[in-house]
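Working notes, structure below.
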Amino acid sequence: MIARPINLPYFIQKVKNHKVIKEHYLNEIAKLPINRIDTVSNTDWNLEKTPINYSFFLSQIQENLENMAKFFKVKKCKPHNFWFQQYKKNDHHVWHTHADCSYTNVYYLEVDSGATEVKDPFTHKTLKMKVKEGDILSMPGFLLHRSPKFKKNITKSIIAFNTSFHSDGVPLKVFKNE
């Protein structure tokens, strides 16, 4: 096997209407009973049917999804599998990848610190992503990433989701250059 590095794009995009989105989803999350899983204080990831409707969020990030599709010269960046996570002091999410998607995405709903870290597959160095509240970080789903131990006495809240690229229903078919 030959393994050689290739530069892979990741994206950090600002989301318009962040304050409205933040208020809406923090209110929705607050209505739910706490659902702790492993080292994450609250999430809807493991629920069979999510009690949160993510259609408002999806309507607000269409431009961000279109930006990614244009970059890759594909017709559509299709989002799927939405969930939220909330971290309190000493919470973290272990190193992991996402199957069955082109990219995985983290929208920083409420964050002061403790953003996502990515493992470079060739150097094995940990890269700290420089994101702010209101950003979406999008990275290839196969890259190892984690949420490091949260050290503050506040809450970090994110909405995570996956995306796959499509052209006329066929994944990863690239348009010809014009």
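Residue names in the structure tokens use chain letters A, B, ... in the order shown, residue numbers from 1 in each chain, and ligand numbers from 1 in the order shown.
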Skipping near chain neighbours, those fewer than 2 positions away, what residues fall within 9 Å of Gly141 in chain A using only C-alpha atoms, listed as a PyMOL selection string?
chain A and resi 97-105+138-139+143-144+162-163
Could you please take those selected residues and save N, CA, C and O atoms as a PDB file, in the first residue's frame?
ATOM      1  N   THR A  97     -14.660   9.105  14.163  1.00  0.00           N
ATOM      2  CA  THR A  97     -14.912   9.504  12.784  1.00  0.00           C
ATOM      3  C   THR A  97     -16.410   9.360  12.526  1.00  0.00           C
ATOM      4  O   THR A  97     -17.151   8.874  13.382  1.00  0.00           O
ATOM      5  N   HIS A  98     -16.847   9.769  11.337  1.00  0.00           N
ATOM      6  CA  HIS A  98     -18.249   9.643  10.949  1.00  0.00           C
ATOM      7  C   HIS A  98     -18.329   8.831   9.663  1.00  0.00           C
ATOM      8  O   HIS A  98     -17.728   9.195   8.655  1.00  0.00           O
ATOM      9  N   ALA A  99     -19.084   7.748   9.707  1.00  0.00           N
ATOM     10  CA  ALA A  99     -19.260   6.892   8.530  1.00  0.00           C
ATOM     11  C   ALA A  99     -20.415   7.411   7.671  1.00  0.00           C
ATOM     12  O   ALA A  99     -21.248   8.198   8.126  1.00  0.00           O
ATOM     13  N   ASP A 100     -20.448   6.953   6.433  1.00  0.00           N
ATOM     14  CA  ASP A 100     -21.576   7.212   5.522  1.00  0.00           C
ATOM     15  C   ASP A 100     -21.843   8.692   5.274  1.00  0.00           C
ATOM     16  O   ASP A 100     -22.998   9.124   5.203  1.00  0.00           O
ATOM     17  N   CYS A 101     -20.783   9.470   5.163  1.00  0.00           N
ATOM     18  CA  CYS A 101     -20.950  10.884   4.815  1.00  0.00           C
ATOM     19  C   CYS A 101     -19.673  11.372   4.142  1.00  0.00           C
ATOM     20  O   CYS A 101     -18.612  10.775   4.289  1.00  0.00           O
ATOM     21  N   SER A 102     -19.802  12.457   3.402  1.00  0.00           N
ATOM     22  CA  SER A 102     -18.627  13.095   2.820  1.00  0.00           C
ATOM     23  C   SER A 102     -17.939  13.974   3.860  1.00  0.00           C
ATOM     24  O   SER A 102     -16.735  13.896   4.062  1.00  0.00           O
ATOM     25  N   TYR A 103     -18.737  14.803   4.507  1.00  0.00           N
ATOM     26  CA  TYR A 103     -18.226  15.721   5.516  1.00  0.00           C
ATOM     27  C   TYR A 103     -19.074  15.625   6.773  1.00  0.00           C
ATOM     28  O   TYR A 103     -20.252  15.275   6.717  1.00  0.00           O
ATOM     29  N   THR A 104     -18.450  15.941   7.891  1.00  0.00           N
ATOM     30  CA  THR A 104     -19.176  16.105   9.136  1.00  0.00           C
ATOM     31  C   THR A 104     -19.047  17.567   9.528  1.00  0.00           C
ATOM     32  O   THR A 104     -18.066  18.233   9.173  1.00  0.00           O
ATOM     33  N   ASN A 105     -20.051  18.069  10.226  1.00  0.00           N
ATOM     34  CA  ASN A 105     -20.148  19.509  10.481  1.00  0.00           C
ATOM     35  C   ASN A 105     -20.506  19.775  11.930  1.00  0.00           C
ATOM     36  O   ASN A 105     -21.320  19.054  12.515  1.00  0.00           O
ATOM     37  N   SER A 138     -16.688  22.397   8.930  1.00  0.00           N
ATOM     38  CA  SER A 138     -16.978  21.240   8.077  1.00  0.00           C
ATOM     39  C   SER A 138     -15.659  20.587   7.705  1.00  0.00           C
ATOM     40  O   SER A 138     -14.746  21.261   7.230  1.00  0.00           O
ATOM     41  N   MET A 139     -15.571  19.270   7.922  1.00  0.00           N
ATOM     42  CA  MET A 139     -14.331  18.542   7.648  1.00  0.00           C
ATOM     43  C   MET A 139     -14.669  17.149   7.128  1.00  0.00           C
ATOM     44  O   MET A 139     -15.770  16.647   7.380  1.00  0.00           O
ATOM     45  N   LEU A 143     -11.838  11.907   9.008  1.00  0.00           N
ATOM     46  CA  LEU A 143     -10.762  12.426   9.860  1.00  0.00           C
ATOM     47  C   LEU A 143     -11.096  12.208  11.333  1.00  0.00           C
ATOM     48  O   LEU A 143     -12.205  12.503  11.786  1.00  0.00           O
ATOM     49  N   LEU A 144     -10.118  11.706  12.077  1.00  0.00           N
ATOM     50  CA  LEU A 144     -10.291  11.589  13.522  1.00  0.00           C
ATOM     51  C   LEU A 144     -10.447  12.978  14.113  1.00  0.00           C
ATOM     52  O   LEU A 144      -9.676  13.891  13.800  1.00  0.00           O
ATOM     53  N   ASN A 162     -24.193  15.659   9.418  1.00  0.00           N
ATOM     54  CA  ASN A 162     -23.353  15.148   8.351  1.00  0.00           C
ATOM     55  C   ASN A 162     -23.866  15.657   7.013  1.00  0.00           C
ATOM     56  O   ASN A 162     -25.033  16.028   6.890  1.00  0.00           O
ATOM     57  N   THR A 163     -22.982  15.666   6.013  1.00  0.00           N
ATOM     58  CA  THR A 163     -23.371  16.054   4.661  1.00  0.00           C
ATOM     59  C   THR A 163     -22.753  15.085   3.657  1.00  0.00           C
ATOM     60  O   THR A 163     -21.669  14.541   3.876  1.00  0.00           O
TER      61      THR A 163
END
Counting only C-alpha atoms, what is within 10 Å of range 130-136 of chain A, bar same-chain residues fewer than 6 positions away, as a PyMOL selection string?
chain A and resi 11-19+21-22+61+64+105-117+156-160
Please report the interatomic distance between CA of Trp83 in chain A and CA of Asp44 in chain A in Å with one decimal.
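That distance, rounded to one decimal, is 5.8 Å.
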So which bits of range 6-116 of chain A end up alpha helix (DSSP H) when you DSSP the backbone, as a ChimeraX atom specification?
/A:18-30,55-60,62-72
Could you check how far CA of Thr39 in chain A sits from CA of Gln85 in chain A, in Å to one decimal?
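Separation between CA of Thr39 in chain A and CA of Gln85 in chain A: 10.6 Å.
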Counting only C-alpha atoms, which of A:Tyr10, A:Tyr25, A:Trp95, A:Phe57 gets nearest to Leu137 in chain A?
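Comparing A:Tyr10, A:Tyr25, A:Trp95, A:Phe57 against Leu137 in chain A, the winner is A:Tyr10.
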Enumerate as a PyMOL selection string all residues of chain A assigned to strand (DSSP E) by DSSP on the backbone, naming them with the chain letters and numbers the document uses.
chain A and resi 11-14+42-43+76-87+93-96+103-110+117-119+126-128+135-140+145-147+156-167+170-171
In Å and to one decimal, CA of Trp45 in chain A is distant from CA of Pro79 in chain A by 15.5 Å
